[in-house]
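For reference, the structure is listed below as structure tokens.
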Amino acid sequence: MLVLGLTGNIGCGKSSVSNIFMQNGIDVIDADIEARKIFDDKELLNKVFLTFGDSIKNEDGSLNRKALGNIVFNDDEKLIELNNLTHPQIKQNILSQVLKYKEQGKKIVVIDAALLIEDDYLPYIDKLVLVTCREDIQIERIKNRDNCTEEEAISRINSQMSQSEKSKFADYIIDNSNSFEQLEKRVLEFIEIL
């Protein structure tokens with residue numbers, strides 16, 4: 001089974017590429033979905049509340065993701081703390097899903113994760129696909145999607161490893177600086193190669 005890693009920085013269109021893979025019958029394990037699921041674990045959720053305080057707790061006792069995001073995207077040390085709490089569990093869940101797909105005899109599975117390189121998934125994948133785009137487009141997409149200021153968008157971009165640094169690890173780079181139709185054409189060509 002071919003295990004493809006799919007990564008790209010915030011606002012570059014990694015999720016769009018992921019959706020095109022799924023629409024073409026390729027199984028995708030989404031790290032963001034796994035990250036949301038882990039907060040069903042009350043023990044882990046309580047550790048996060050203890051670490052970051054009640055300001056990230058909704059009235060019903062659930063996690064206020066936006067409040068947590070505002071803390072970690074503006075403080076590298078806090079982001080590292082959160083990642084140390086959550087990432088081992090996320091990785092364990094993702095790798096057990098890869099194993100399930102392998103047992104089912106699947107030909108290809110994609111691990112979709114923004115922090116694929118940073119969280120040391122490279123030993124578990126066969127090829128790395130990086131989605132990139134021009135920074136001005138990236139900023140506009142983040143502002144529109146997250147309803148935030150340009151400064152907040154730039155802060156989120158700067159909290160991640162740069163696109164040029166990530167490209168050093170990539171086996172394939174898909175540029176998403178243009179229209180969705182052009183992106184789809186590139187991804188379909190890539191699927192044909194596979």
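Residues in the structure tokens are numbered from 1 in each chain, the chains being A, B, ... in the order shown, and ligands are numbered from 1 in the order shown.
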
Problem - DSSP alpha helix (DSSP H) residues within stretch 81-164 of chain A, as a PyMOL selection string - result: chain A and resi 81-103+135-146+150-158+163-164

Using the selection just defined, write its residues with C-alpha atoms as a PDB file, in the first residue's frame.
```
ATOM      1  CA  GLU A  81       2.633  22.914  25.128  1.00  0.00           C
ATOM      2  CA  LEU A  82      -0.627  22.138  23.327  1.00  0.00           C
ATOM      3  CA  ASN A  83       1.133  20.016  20.725  1.00  0.00           C
ATOM      4  CA  ASN A  84       2.953  18.030  23.424  1.00  0.00           C
ATOM      5  CA  LEU A  85      -0.396  17.251  25.054  1.00  0.00           C
ATOM      6  CA  THR A  86      -2.347  16.322  21.931  1.00  0.00           C
ATOM      7  CA  HIS A  87      -0.033  15.132  19.163  1.00  0.00           C
ATOM      8  CA  PRO A  88       1.037  11.735  20.551  1.00  0.00           C
ATOM      9  CA  GLN A  89      -2.644  10.691  20.781  1.00  0.00           C
ATOM     10  CA  ILE A  90      -3.449  12.060  17.317  1.00  0.00           C
ATOM     11  CA  LYS A  91      -0.478  10.218  15.770  1.00  0.00           C
ATOM     12  CA  GLN A  92      -1.443   6.952  17.473  1.00  0.00           C
ATOM     13  CA  ASN A  93      -5.010   7.228  16.085  1.00  0.00           C
ATOM     14  CA  ILE A  94      -3.780   8.059  12.559  1.00  0.00           C
ATOM     15  CA  LEU A  95      -1.274   5.205  12.424  1.00  0.00           C
ATOM     16  CA  SER A  96      -3.868   2.697  13.632  1.00  0.00           C
ATOM     17  CA  GLN A  97      -6.155   3.864  10.800  1.00  0.00           C
ATOM     18  CA  VAL A  98      -3.334   3.376   8.270  1.00  0.00           C
ATOM     19  CA  LEU A  99      -2.989  -0.171   9.550  1.00  0.00           C
ATOM     20  CA  LYS A 100      -6.743  -0.793   9.134  1.00  0.00           C
ATOM     21  CA  TYR A 101      -6.628   0.410   5.514  1.00  0.00           C
ATOM     22  CA  LYS A 102      -3.617  -1.850   4.869  1.00  0.00           C
ATOM     23  CA  GLU A 103      -5.509  -4.839   6.302  1.00  0.00           C
ATOM     24  CA  GLU A 135       1.746  34.457   0.152  1.00  0.00           C
ATOM     25  CA  ASP A 136      -0.554  37.324  -0.906  1.00  0.00           C
ATOM     26  CA  ILE A 137      -3.200  34.779  -1.923  1.00  0.00           C
ATOM     27  CA  GLN A 138      -2.606  32.798   1.272  1.00  0.00           C
ATOM     28  CA  ILE A 139      -3.213  35.924   3.396  1.00  0.00           C
ATOM     29  CA  GLU A 140      -6.459  36.777   1.532  1.00  0.00           C
ATOM     30  CA  ARG A 141      -7.754  33.206   1.896  1.00  0.00           C
ATOM     31  CA  ILE A 142      -7.058  33.160   5.650  1.00  0.00           C
ATOM     32  CA  LYS A 143      -8.691  36.586   6.142  1.00  0.00           C
ATOM     33  CA  ASN A 144     -11.815  35.464   4.240  1.00  0.00           C
ATOM     34  CA  ARG A 145     -12.044  32.001   5.790  1.00  0.00           C
ATOM     35  CA  ASP A 146     -11.291  32.921   9.405  1.00  0.00           C
ATOM     36  CA  GLU A 150      -4.175  40.780   7.898  1.00  0.00           C
ATOM     37  CA  GLU A 151      -1.948  40.892  11.008  1.00  0.00           C
ATOM     38  CA  GLU A 152      -3.694  37.806  12.459  1.00  0.00           C
ATOM     39  CA  ALA A 153      -3.357  35.995   9.125  1.00  0.00           C
ATOM     40  CA  ILE A 154       0.366  36.792   8.943  1.00  0.00           C
ATOM     41  CA  SER A 155       0.810  35.692  12.568  1.00  0.00           C
ATOM     42  CA  ARG A 156      -0.767  32.311  11.709  1.00  0.00           C
ATOM     43  CA  ILE A 157       1.459  31.938   8.650  1.00  0.00           C
ATOM     44  CA  ASN A 158       4.559  32.810  10.689  1.00  0.00           C
ATOM     45  CA  GLN A 163       6.736  26.841   2.465  1.00  0.00           C
ATOM     46  CA  SER A 164      10.301  26.959   1.140  1.00  0.00           C
TER      47      SER A 164
END
```

Practice task
Please provide the set of residues having any atom within 12 Å of stretch 62-72 of chain A, restricted to only C-alpha atoms, with same-chain residues fewer than 2 positions apart removed, written as a PyMOL selection string.
Solution key: chain A and resi 35-42+44-49+51-60+74-83+146-148+152-153+155-156+159-160

Handout entry: Atomic distance atom CA of A:Leu183 - atom CA of A:Asp120, expressed in Å with one decimal
Key = 27.2 Å

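Minimum atom-to-atom distance to A:Val187, evaluated using only C-alpha atoms, belongs to A:Ile174 out of A:Ile174, A:Leu115, A:Leu4, A:Cys12.
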
Exercise for the section: Using DSSP on the backbone, list every residue of stretch 19-134 of chain A that comes out as strand (DSSP E or B), and give them as a list in words. Expected result: Asp27, Val28, Ile29, Asp30, Lys57, Leu63, Ile108, Val109, Val110, Ile111, Asp112, Lys127, Leu128, Val129, Leu130, Val131 and Thr132 of chain A

Problem - Distance criterion (only C-alpha atoms): nearest to A:Asp112 out of A:Asn24, A:Ile29, A:Gly8, A:Glu189 - result: A:Ile29

Handout entry: Separation of atom CA of A:Asp126 from atom CA of A:Ser179, in Å and rounded to one decimal
Key = 28.7 Å

Handout entry: Shell of 10 Å around A:Ile26, only C-alpha atoms, local chain residues under 6 positions omitted, as a ChimeraX atom specification
Key = /A:18-20,106-110,191

Exercise for the section: Considering only C-alpha atoms, state which residue in the set A:Leu188, A:Leu6, A:Ile193, A:Val28 is at the smallest distance from A:Leu116. Expected result: A:Leu6

Exercise for the section: Please indicate the distance in Å from atom CA of A:Asn9 to atom CA of A:Thr132, rounded to one decimal place. Expected result: 7.2 Å
